[in-house]
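K.L.:
Coordinates in protein.pdb, PDB, C-alpha atoms, pLDDT in the B column, are listed below.
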ATOM      1  CA  MET A  11     142.328 122.996  81.540  1.00 66.00           C
ATOM      2  CA  ASN A  12     142.536 119.428  80.294  1.00 88.00           C
ATOM      3  CA  ARG A  13     143.312 118.214  83.801  1.00 90.00           C
ATOM      4  CA  LYS A  14     140.274 120.005  85.308  1.00 90.00           C
ATOM      5  CA  LEU A  15     138.044 118.469  82.674  1.00 90.00           C
ATOM      6  CA  TRP A  16     139.321 114.961  83.508  1.00 91.00           C
ATOM      7  CA  ILE A  17     138.806 115.571  87.223  1.00 92.00           C
ATOM      8  CA  ALA A  18     135.256 116.810  86.624  1.00 91.00           C
ATOM      9  CA  LEU A  19     134.486 113.818  84.409  1.00 91.00           C
ATOM     10  CA  GLY A  20     135.958 111.482  87.043  1.00 92.00           C
ATOM     11  CA  VAL A  21     133.782 113.002  89.786  1.00 93.00           C
ATOM     12  CA  ILE A  22     130.705 112.752  87.567  1.00 94.00           C
ATOM     13  CA  ALA A  23     131.507 109.106  86.792  1.00 94.00           C
ATOM     14  CA  LEU A  24     131.932 108.324  90.512  1.00 94.00           C
ATOM     15  CA  VAL A  25     128.589 109.938  91.339  1.00 92.00           C
ATOM     16  CA  ILE A  26     126.886 107.983  88.558  1.00 93.00           C
ATOM     17  CA  PHE A  27     128.441 104.686  89.693  1.00 93.00           C
ATOM     18  CA  TRP A  28     127.469 105.453  93.293  1.00 93.00           C
ATOM     19  CA  GLY A  29     123.876 106.222  92.212  1.00 91.00           C
ATOM     20  CA  VAL A  30     123.650 103.016  90.195  1.00 92.00           C
ATOM     21  CA  GLY A  31     125.015 101.042  93.161  1.00 92.00           C
ATOM     22  CA  VAL A  32     122.476 102.572  95.544  1.00 92.00           C
ATOM     23  CA  ARG A  33     119.649 101.975  93.066  1.00 93.00           C
ATOM     24  CA  ASN A  34     120.680  98.334  92.636  1.00 93.00           C
ATOM     25  CA  GLY A  35     120.902  97.883  96.402  1.00 93.00           C
ATOM     26  CA  LEU A  36     117.389  99.262  96.808  1.00 93.00           C
ATOM     27  CA  ALA A  37     116.110  96.981  94.060  1.00 93.00           C
ATOM     28  CA  THR A  38     117.706  93.967  95.754  1.00 94.00           C
ATOM     29  CA  SER A  39     116.153  94.887  99.108  1.00 93.00           C
ATOM     30  CA  ASP A  40     112.794  95.410  97.422  1.00 93.00           C
ATOM     31  CA  GLN A  41     113.022  91.898  95.971  1.00 93.00           C
ATOM     32  CA  ASP A  42     113.846  90.528  99.441  1.00 94.00           C
ATOM     33  CA  VAL A  43     110.690  92.172 100.792  1.00 93.00           C
ATOM     34  CA  LYS A  44     108.615  90.748  97.938  1.00 93.00           C
ATOM     35  CA  SER A  45     110.045  87.283  98.542  1.00 92.00           C
ATOM     36  CA  SER A  46     109.314  87.511 102.254  1.00 93.00           C
ATOM     37  CA  TRP A  47     105.793  88.690 101.496  1.00 91.00           C
ATOM     38  CA  ALA A  48     105.237  85.702  99.204  1.00 91.00           C
ATOM     39  CA  ASN A  49     106.293  83.412 102.077  1.00 92.00           C
ATOM     40  CA  VAL A  50     103.819  85.140 104.424  1.00 92.00           C
ATOM     41  CA  GLN A  51     101.026  84.701 101.898  1.00 90.00           C
ATOM     42  CA  SER A  52     101.969  81.062 101.407  1.00 91.00           C
ATOM     43  CA  ALA A  53     101.728  80.407 105.158  1.00 91.00           C
ATOM     44  CA  TYR A  54      98.346  82.140 105.362  1.00 89.00           C
ATOM     45  CA  GLN A  55      97.157  80.162 102.341  1.00 90.00           C
ATOM     46  CA  ARG A  56      98.117  76.916 104.046  1.00 89.00           C
ATOM     47  CA  ARG A  57      95.970  77.892 107.008  1.00 88.00           C
ATOM     48  CA  ALA A  58      93.079  78.823 104.722  1.00 88.00           C
ATOM     49  CA  ASP A  59      93.418  75.469 102.956  1.00 88.00           C
ATOM     50  CA  LEU A  60      93.200  73.532 106.233  1.00 86.00           C
ATOM     51  CA  ILE A  61      90.027  75.249 107.434  1.00 85.00           C
ATOM     52  CA  PRO A  62      87.509  73.513 105.112  1.00 86.00           C
ATOM     53  CA  ASN A  63      88.728  70.114 106.324  1.00 83.00           C
ATOM     54  CA  LEU A  64      88.510  71.260 109.928  1.00 82.00           C
ATOM     55  CA  VAL A  65      84.986  72.583 109.412  1.00 80.00           C
ATOM     56  CA  LYS A  66      83.864  69.332 107.736  1.00 80.00           C
ATOM     57  CA  THR A  67      85.309  67.309 110.597  1.00 78.00           C
ATOM     58  CA  VAL A  68      83.575  69.473 113.174  1.00 77.00           C
ATOM     59  CA  GLN A  69      80.265  69.397 111.263  1.00 73.00           C
ATOM     60  CA  GLY A  70      80.311  65.629 111.612  1.00 71.00           C
ATOM     61  CA  VAL A  71      79.712  66.001 115.342  1.00 66.00           C
ATOM     62  CA  ALA A  72      76.017  66.353 116.140  1.00 52.00           C
ATOM     63  CA  ASN A  73      74.713  69.518 117.780  1.00 58.00           C
ATOM     64  CA  PHE A  74      77.896  71.523 117.318  1.00 65.00           C
ATOM     65  CA  GLU A  75      77.343  75.282 117.621  1.00 68.00           C
ATOM     66  CA  LYS A  76      76.460  76.407 114.106  1.00 74.00           C
ATOM     67  CA  SER A  77      77.212  80.068 114.874  1.00 76.00           C
ATOM     68  CA  THR A  78      80.833  79.204 115.647  1.00 78.00           C
ATOM     69  CA  LEU A  79      81.222  77.294 112.382  1.00 77.00           C
ATOM     70  CA  THR A  80      79.534  80.097 110.450  1.00 80.00           C
ATOM     71  CA  ALA A  81      81.912  82.636 112.004  1.00 83.00           C
ATOM     72  CA  VAL A  82      84.929  80.557 110.938  1.00 84.00           C
ATOM     73  CA  ILE A  83      83.599  80.119 107.399  1.00 83.00           C
ATOM     74  CA  GLU A  84      82.815  83.840 107.048  1.00 86.00           C
ATOM     75  CA  ALA A  85      86.184  84.905 108.511  1.00 85.00           C
ATOM     76  CA  ARG A  86      87.985  82.569 106.112  1.00 86.00           C
ATOM     77  CA  ALA A  87      86.053  84.002 103.165  1.00 85.00           C
ATOM     78  CA  SER A  88      86.901  87.540 104.268  1.00 83.00           C
ATOM     79  CA  ALA A  89      90.579  86.736 104.813  1.00 85.00           C
ATOM     80  CA  THR A  90      90.993  85.003 101.472  1.00 84.00           C
ATOM     81  CA  GLN A  91      89.233  87.838  99.626  1.00 84.00           C
ATOM     82  CA  MET A  92      91.702  90.376 101.020  1.00 82.00           C
ATOM     83  CA  LYS A  93      94.508  90.318  98.469  1.00 83.00           C
ATOM     84  CA  LEU A  94      97.553  92.505  98.917  1.00 84.00           C
ATOM     85  CA  ASP A  95     100.136  92.758  96.186  1.00 85.00           C
ATOM     86  CA  ALA A  96     103.798  93.095  97.134  1.00 83.00           C
ATOM     87  CA  LYS A  97     103.842  96.457  95.322  1.00 83.00           C
ATOM     88  CA  ASP A  98     101.179  97.866  97.679  1.00 85.00           C
ATOM     89  CA  LEU A  99     102.683  97.108 101.097  1.00 86.00           C
ATOM     90  CA  SER A 100     101.922 100.532 102.553  1.00 85.00           C
ATOM     91  CA  PRO A 101     101.282 100.726 106.315  1.00 85.00           C
ATOM     92  CA  GLU A 102      97.562 101.349 105.665  1.00 87.00           C
ATOM     93  CA  ASN A 103      97.196  98.309 103.400  1.00 86.00           C
ATOM     94  CA  MET A 104      99.153  96.166 105.854  1.00 88.00           C
ATOM     95  CA  GLN A 105      96.701  97.121 108.625  1.00 86.00           C
ATOM     96  CA  LYS A 106      93.709  96.122 106.474  1.00 87.00           C
ATOM     97  CA  TYR A 107      95.318  92.791 105.570  1.00 88.00           C
ATOM     98  CA  GLN A 108      96.297  92.110 109.162  1.00 87.00           C
ATOM     99  CA  ALA A 109      92.762  92.913 110.390  1.00 87.00           C
ATOM    100  CA  ALA A 110      91.275  90.322 108.013  1.00 87.00           C
ATOM    101  CA  GLN A 111      93.783  87.688 109.131  1.00 89.00           C
ATOM    102  CA  SER A 112      93.235  88.543 112.821  1.00 88.00           C
ATOM    103  CA  SER A 113      89.502  88.043 112.394  1.00 86.00           C
ATOM    104  CA  LEU A 114      90.172  84.540 111.088  1.00 87.00           C
ATOM    105  CA  SER A 115      92.596  83.804 113.930  1.00 88.00           C
ATOM    106  CA  GLY A 116      89.965  84.884 116.458  1.00 85.00           C
ATOM    107  CA  ALA A 117      87.277  82.718 114.870  1.00 85.00           C
ATOM    108  CA  LEU A 118      89.614  79.708 114.874  1.00 85.00           C
ATOM    109  CA  SER A 119      90.455  80.312 118.536  1.00 84.00           C
ATOM    110  CA  ARG A 120      86.750  80.377 119.431  1.00 81.00           C
ATOM    111  CA  LEU A 121      86.251  77.152 117.472  1.00 83.00           C
ATOM    112  CA  MET A 122      89.026  75.433 119.430  1.00 82.00           C
ATOM    113  CA  VAL A 123      87.604  76.642 122.749  1.00 79.00           C
ATOM    114  CA  VAL A 124      84.116  75.420 121.882  1.00 76.00           C
ATOM    115  CA  ALA A 125      85.571  72.104 120.673  1.00 78.00           C
ATOM    116  CA  GLU A 126      86.817  71.479 124.214  1.00 76.00           C
ATOM    117  CA  ASN A 127      83.172  70.855 125.193  1.00 75.00           C
ATOM    118  CA  TYR A 128      82.884  67.966 122.746  1.00 75.00           C
ATOM    119  CA  PRO A 129      84.903  64.954 123.926  1.00 74.00           C
ATOM    120  CA  GLN A 130      83.799  62.879 120.924  1.00 73.00           C
ATOM    121  CA  LEU A 131      85.237  65.578 118.628  1.00 72.00           C
ATOM    122  CA  LYS A 132      88.509  65.734 120.538  1.00 69.00           C
ATOM    123  CA  ALA A 133      88.745  61.958 120.316  1.00 69.00           C
ATOM    124  CA  THR A 134      88.473  62.083 116.518  1.00 74.00           C
ATOM    125  CA  GLU A 135      91.859  61.359 114.991  1.00 75.00           C
ATOM    126  CA  ASN A 136      91.185  63.624 112.024  1.00 78.00           C
ATOM    127  CA  PHE A 137      90.340  66.574 114.289  1.00 79.00           C
ATOM    128  CA  SER A 138      93.463  66.045 116.396  1.00 81.00           C
ATOM    129  CA  GLU A 139      95.603  65.880 113.276  1.00 83.00           C
ATOM    130  CA  LEU A 140      94.041  69.013 111.805  1.00 81.00           C
ATOM    131  CA  GLN A 141      94.425  70.838 115.117  1.00 83.00           C
ATOM    132  CA  ALA A 142      98.133  69.922 115.195  1.00 86.00           C
ATOM    133  CA  GLN A 143      98.551  71.072 111.589  1.00 87.00           C
ATOM    134  CA  LEU A 144      96.850  74.377 112.375  1.00 86.00           C
ATOM    135  CA  GLU A 145      99.118  74.908 115.374  1.00 88.00           C
ATOM    136  CA  GLY A 146     102.167  74.220 113.207  1.00 90.00           C
ATOM    137  CA  THR A 147     100.850  76.549 110.517  1.00 89.00           C
ATOM    138  CA  GLU A 148     100.287  79.340 113.056  1.00 89.00           C
ATOM    139  CA  ASN A 149     103.933  78.923 114.107  1.00 90.00           C
ATOM    140  CA  ARG A 150     105.028  79.139 110.455  1.00 92.00           C
ATOM    141  CA  ILE A 151     102.943  82.268 109.978  1.00 91.00           C
ATOM    142  CA  LYS A 152     104.660  83.883 112.958  1.00 91.00           C
ATOM    143  CA  GLU A 153     108.099  82.927 111.631  1.00 94.00           C
ATOM    144  CA  GLU A 154     107.354  84.271 108.153  1.00 93.00           C
ATOM    145  CA  ARG A 155     105.923  87.497 109.574  1.00 92.00           C
ATOM    146  CA  ASP A 156     109.097  87.965 111.623  1.00 94.00           C
ATOM    147  CA  ARG A 157     111.260  87.396 108.533  1.00 94.00           C
ATOM    148  CA  PHE A 158     109.070  89.786 106.557  1.00 94.00           C
ATOM    149  CA  ASN A 159     109.454  92.485 109.226  1.00 94.00           C
ATOM    150  CA  ALA A 160     113.229  92.005 109.202  1.00 95.00           C
ATOM    151  CA  SER A 161     113.407  92.434 105.430  1.00 95.00           C
ATOM    152  CA  VAL A 162     111.114  95.489 105.575  1.00 94.00           C
ATOM    153  CA  LYS A 163     113.339  97.000 108.268  1.00 95.00           C
ATOM    154  CA  ALA A 164     116.445  96.566 106.111  1.00 95.00           C
ATOM    155  CA  TYR A 165     114.655  97.963 103.059  1.00 95.00           C
ATOM    156  CA  ASN A 166     113.116 100.934 104.899  1.00 94.00           C
ATOM    157  CA  SER A 167     116.491 101.758 106.447  1.00 94.00           C
ATOM    158  CA  GLN A 168     117.977 102.035 102.977  1.00 94.00           C
ATOM    159  CA  VAL A 169     115.055 104.117 101.709  1.00 94.00           C
ATOM    160  CA  VAL A 170     115.135 106.730 104.485  1.00 94.00           C
ATOM    161  CA  THR A 171     118.854 107.193 105.166  1.00 93.00           C
ATOM    162  CA  PHE A 172     120.767 110.013 103.550  1.00 92.00           C
ATOM    163  CA  PRO A 173     122.018 110.103 100.811  1.00 91.00           C
ATOM    164  CA  ASN A 174     120.240 106.907  99.686  1.00 91.00           C
ATOM    165  CA  ASN A 175     116.894 108.644 100.166  1.00 92.00           C
ATOM    166  CA  LEU A 176     117.744 110.942  97.239  1.00 91.00           C
ATOM    167  CA  ILE A 177     118.113 108.006  94.872  1.00 92.00           C
ATOM    168  CA  ALA A 178     115.125 106.214  96.462  1.00 92.00           C
ATOM    169  CA  SER A 179     112.755 109.132  95.943  1.00 91.00           C
ATOM    170  CA  PHE A 180     114.043 109.692  92.407  1.00 90.00           C
ATOM    171  CA  SER A 181     113.585 105.973  91.602  1.00 91.00           C
ATOM    172  CA  GLY A 182     110.139 105.629  93.201  1.00 91.00           C
ATOM    173  CA  PHE A 183     111.120 103.502  96.203  1.00 93.00           C
ATOM    174  CA  THR A 184     108.898 104.240  99.228  1.00 92.00           C
ATOM    175  CA  GLU A 185     108.670 102.851 102.748  1.00 92.00           C
ATOM    176  CA  LYS A 186     106.763  99.606 103.254  1.00 92.00           C
ATOM    177  CA  GLY A 187     104.537  98.654 106.181  1.00 90.00           C
ATOM    178  CA  PHE A 188     105.318  96.207 108.973  1.00 90.00           C
ATOM    179  CA  PHE A 189     103.162  93.573 110.586  1.00 83.00           C
ATOM    180  CA  GLN A 190     102.271  94.943 113.994  1.00 81.00           C
ATOM    181  CA  ALA A 191     100.858  93.465 117.154  1.00 73.00           C
ATOM    182  CA  GLU A 192      97.097  93.505 117.473  1.00 72.00           C
ATOM    183  CA  ALA A 193      95.516  96.110 119.707  1.00 68.00           C
ATOM    184  CA  GLY A 194      95.532  94.848 123.278  1.00 64.00           C
ATOM    185  CA  ALA A 195      98.262  92.278 122.628  1.00 62.00           C
ATOM    186  CA  GLU A 196     100.529  94.044 125.110  1.00 59.00           C
ATOM    187  CA  LYS A 197      98.265  92.886 127.966  1.00 64.00           C
ATOM    188  CA  ALA A 198      98.785  89.353 129.217  1.00 57.00           C
ATOM    189  CA  PRO A 199      95.635  87.234 129.286  1.00 57.00           C
ATOM    190  CA  GLU A 200      94.125  86.747 132.709  1.00 62.00           C
ATOM    191  CA  VAL A 201      94.208  83.156 133.934  1.00 49.00           C
ATOM    192  CA  ASN A 202      91.860  82.018 136.660  1.00 50.00           C
ATOM    193  CA  PHE A 203      91.882  78.439 137.919  1.00 46.00           C
ATOM    194  CA  ASP A 204      89.250  78.987 140.600  1.00 56.00           C
ATOM    195  CA  GLU A 205      86.114  77.054 139.812  1.00 47.00           C
ATOM    196  CA  LYS A 206      82.891  79.010 140.171  1.00 47.00           C
ATOM    197  CA  LYS A 207      79.944  77.099 141.554  1.00 40.00           C
TER     198      LYS A 207
END
Let me see the file written as C-alpha cells.

P.N.:
Amino acid sequence: MNRKLWIALGVIALVIFWGVGVRNGLATSDQDVKSSWANVQSAYQRRADLIPNLVKTVQGVANFEKSTLTAVIEARASATQMKLDAKDLSPENMQKYQAAQSSLSGALSRLMVVAENYPQLKATENFSELQAQLEGTENRIKEERDRFNASVKAYNSQVVTFPNNLIASFSGFTEKGFFQAEAGAEKAPEVNFDEKK
C-alpha cells in the first residue's frame, strides 16, 4: 500500500509540474505578443508624429487642395484615438484598429498622389525628407506587423493545442487576433501607361 501511495503522489506531482510548465510557457508567449504589439504601436506612433510636419510643409504651398489635407488630418485624429490594449487583442478589436490605420494610410496615399501635381512642393527639401521618412516608417510598420503575426501564431498554437488548451482555458488564456490584409488587397493594381487625350 505504501508503494501505491508513492506512485500516486509521483503521478500527481508530475501532472502539477507539467501544468505549471505549460502555464509558464503560455505566459511567456503572451509576453512576446505584448512586446510585439508595443513595437507595432511604436511604429504607428512614429507615422502619426511625422504627419503634422508633413501637413505644415504641404500647407506652405499655395492653392494646395484643402480637402486632401483635411482628410489626412481627420484620418490621423481617428487613428490616434483608436487605442487597443495588449490585453484586448481579439480578432474583432484588431479589425477595428486596422480599419482606423488603413484609413490613415489611404489618406496619406492620396496626399502623395496629389503632391505629384505640385513641382514646387516636390522640390522642397523638407517635403522630400518627410516623404522618405514616411516611406521608411511604412516599411517598419510592415516589419513589426509581420513579427506581431508570428508571435500571435506561436501563442495561438499553444492556446489551442491539446492538452495545453486545458491549462489555457483554466488560466484565462484566449486566442489573439492577427493583422490581416485589407479587403481587395489580393487584386493587383491596374497600371495603364497609355495617355488619354

K.L.:
Measure the distance from CA of Leu94 (chain A) to CA of Arg33 (chain A) in Å and round it to one decimal.

P.N.:
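Value for the CA of Leu94 (chain A)-CA of Arg33 (chain A) distance: 24.7 Å.
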
K.L.:
For this file, the PyMOL selection byres ((chain A and resi 118) around 10) selects which residues, as a PyMOL selection string?

P.N.:
chain A and resi 61+64+78-79+81-83+85-86+112-117+119-124+144

K.L.:
What's the 8 Å shell around region 152-161 of chain A, counting all atoms listed in the file, without same-chain residues fewer than 5 positions away, as JSON, numbers by chain?

P.N.:
{"A": [39, 42, 43, 46, 47, 49, 50, 53, 188, 189]}

K.L.:
Residues within 12 Å of Gln168 (chain A), please, as a PDB file with C-alpha atoms, in the frame of the given file. Count all atoms listed in the file; anything in the same chain fewer than 5 positions from it doesn't count.

P.N.:
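Output file out_36.pdb follows:
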ATOM      1  CA  VAL A  32     122.476 102.572  95.544  1.00 92.00           C
ATOM      2  CA  ARG A  33     119.649 101.975  93.066  1.00 93.00           C
ATOM      3  CA  ASN A  34     120.680  98.334  92.636  1.00 93.00           C
ATOM      4  CA  GLY A  35     120.902  97.883  96.402  1.00 93.00           C
ATOM      5  CA  LEU A  36     117.389  99.262  96.808  1.00 93.00           C
ATOM      6  CA  ALA A  37     116.110  96.981  94.060  1.00 93.00           C
ATOM      7  CA  THR A  38     117.706  93.967  95.754  1.00 94.00           C
ATOM      8  CA  SER A  39     116.153  94.887  99.108  1.00 93.00           C
ATOM      9  CA  ASP A  40     112.794  95.410  97.422  1.00 93.00           C
ATOM     10  CA  SER A 161     113.407  92.434 105.430  1.00 95.00           C
ATOM     11  CA  VAL A 162     111.114  95.489 105.575  1.00 94.00           C
ATOM     12  CA  LYS A 163     113.339  97.000 108.268  1.00 95.00           C
ATOM     13  CA  PRO A 173     122.018 110.103 100.811  1.00 91.00           C
ATOM     14  CA  ASN A 174     120.240 106.907  99.686  1.00 91.00           C
ATOM     15  CA  ASN A 175     116.894 108.644 100.166  1.00 92.00           C
ATOM     16  CA  LEU A 176     117.744 110.942  97.239  1.00 91.00           C
ATOM     17  CA  ILE A 177     118.113 108.006  94.872  1.00 92.00           C
ATOM     18  CA  ALA A 178     115.125 106.214  96.462  1.00 92.00           C
ATOM     19  CA  SER A 179     112.755 109.132  95.943  1.00 91.00           C
ATOM     20  CA  PHE A 183     111.120 103.502  96.203  1.00 93.00           C
ATOM     21  CA  THR A 184     108.898 104.240  99.228  1.00 92.00           C
ATOM     22  CA  GLU A 185     108.670 102.851 102.748  1.00 92.00           C
ATOM     23  CA  LYS A 186     106.763  99.606 103.254  1.00 92.00           C
TER      24      LYS A 186
END

K.L.:
For each of A:Gln190, A:Gln105, A:Thr67, A:Gln111, take the minimum atom-to-atom distance to Glu135 (chain A), counting all atoms listed in the file, then give the residue where this is smallest.

P.N.:
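Using all atoms listed in the file, Glu135 (chain A) sits closest to A:Thr67.
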
K.L.:
So what do you get for CA of Glu148 (chain A) versus CA of Lys76 (chain A), distance-wise?

P.N.:
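Pair CA of Glu148 (chain A) / CA of Lys76 (chain A) returns 24.0 Å.
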
K.L.:
Measure the distance from CA of Leu24 (chain A) to CA of Gln41 (chain A) in Å and round it to one decimal.

P.N.:
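So the answer is 25.6 Å.
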
K.L.:
Which is closer to Gly182 (chain A) than all the others in A:Lys14, A:Gln141, A:Ser100, A:Val169, using all atoms listed in the file?

P.N.:
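Nearest to Gly182 (chain A): A:Val169.
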
K.L.:
Need the shell around Ala109 (chain A): protein/DNA/RNA residues with any atom at most 10 Å away, counting all atoms listed in the file. Skip same-chain ones fewer than 5 positions apart. Format as a PyMOL selection string?

P.N.:
chain A and resi 89+92+103-104+114-115+192

K.L.:
Would you pick out the contacts of Arg56 (chain A) at 8 Å or less, using only C-alpha atoms, so that residues sharing its chain but fewer than 4 positions from it are not included, and give the list as a ChimeraX atom specification?

P.N.:
/A:52,60,147

K.L.:
Padding 8 Å on every side, please: axis-aligned box over the listed atoms of region 176-179 of chain A, centre and edge lengths to one decimal in Å, as JSON.

P.N.:
{"center_x": 115.4, "center_y": 108.6, "center_z": 96.1, "size_x": 21.4, "size_y": 20.7, "size_z": 18.4}

K.L.:
Which of these, A:Ile22, A:Val68, A:Phe27, A:Ile17, has the shortest distance to Leu140 (chain A) once you count only C-alpha atoms?

P.N.:
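With only C-alpha atoms as the atom set, the closest residue is A:Val68.
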
K.L.:
Mind rebuilding region 133-146 of chain A with N, CA, C and O atoms and writing that out as a tab-separated table (two decimals), in the coordinates of the input?

P.N.:
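Below is the file that was written, part_15.tsv:
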chain	number	residue	atom	x	y	z
A	133	ALA	N	88.26	63.33	120.47
A	133	ALA	CA	88.74	61.96	120.32
A	133	ALA	C	88.91	61.58	118.85
A	133	ALA	O	89.54	60.57	118.54
A	134	THR	N	88.37	62.38	117.95
A	134	THR	CA	88.47	62.08	116.52
A	134	THR	C	89.90	62.30	116.06
A	134	THR	O	90.48	63.38	116.26
A	135	GLU	N	90.47	61.28	115.45
A	135	GLU	CA	91.86	61.36	114.99
A	135	GLU	C	92.05	62.47	113.96
A	135	GLU	O	93.03	63.21	114.01
A	136	ASN	N	91.10	62.61	113.07
A	136	ASN	CA	91.18	63.62	112.02
A	136	ASN	C	91.21	65.03	112.63
A	136	ASN	O	91.98	65.89	112.21
A	137	PHE	N	90.37	65.27	113.64
A	137	PHE	CA	90.34	66.57	114.29
A	137	PHE	C	91.67	66.86	114.99
A	137	PHE	O	92.22	67.95	114.87
A	138	SER	N	92.18	65.87	115.69
A	138	SER	CA	93.46	66.04	116.40
A	138	SER	C	94.59	66.35	115.41
A	138	SER	O	95.44	67.21	115.66
A	139	GLU	N	94.57	65.65	114.29
A	139	GLU	CA	95.60	65.88	113.28
A	139	GLU	C	95.47	67.28	112.67
A	139	GLU	O	96.47	68.00	112.52
A	140	LEU	N	94.26	67.67	112.37
A	140	LEU	CA	94.04	69.01	111.80
A	140	LEU	C	94.41	70.10	112.81
A	140	LEU	O	94.97	71.12	112.46
A	141	GLN	N	94.08	69.88	114.07
A	141	GLN	CA	94.42	70.84	115.12
A	141	GLN	C	95.94	70.99	115.21
A	141	GLN	O	96.46	72.10	115.30
A	142	ALA	N	96.66	69.87	115.15
A	142	ALA	CA	98.13	69.92	115.20
A	142	ALA	C	98.69	70.65	113.96
A	142	ALA	O	99.64	71.44	114.08
A	143	GLN	N	98.09	70.39	112.80
A	143	GLN	CA	98.55	71.07	111.59
A	143	GLN	C	98.29	72.57	111.66
A	143	GLN	O	99.13	73.37	111.24
A	144	LEU	N	97.14	72.94	112.22
A	144	LEU	CA	96.85	74.38	112.38
A	144	LEU	C	97.82	75.04	113.34
A	144	LEU	O	98.28	76.16	113.09
A	145	GLU	N	98.15	74.36	114.42
A	145	GLU	CA	99.12	74.91	115.37
A	145	GLU	C	100.47	75.10	114.71
A	145	GLU	O	101.13	76.14	114.87
A	146	GLY	N	100.90	74.10	113.93
A	146	GLY	CA	102.17	74.22	113.21
A	146	GLY	C	102.13	75.34	112.18
A	146	GLY	O	103.10	76.08	112.01
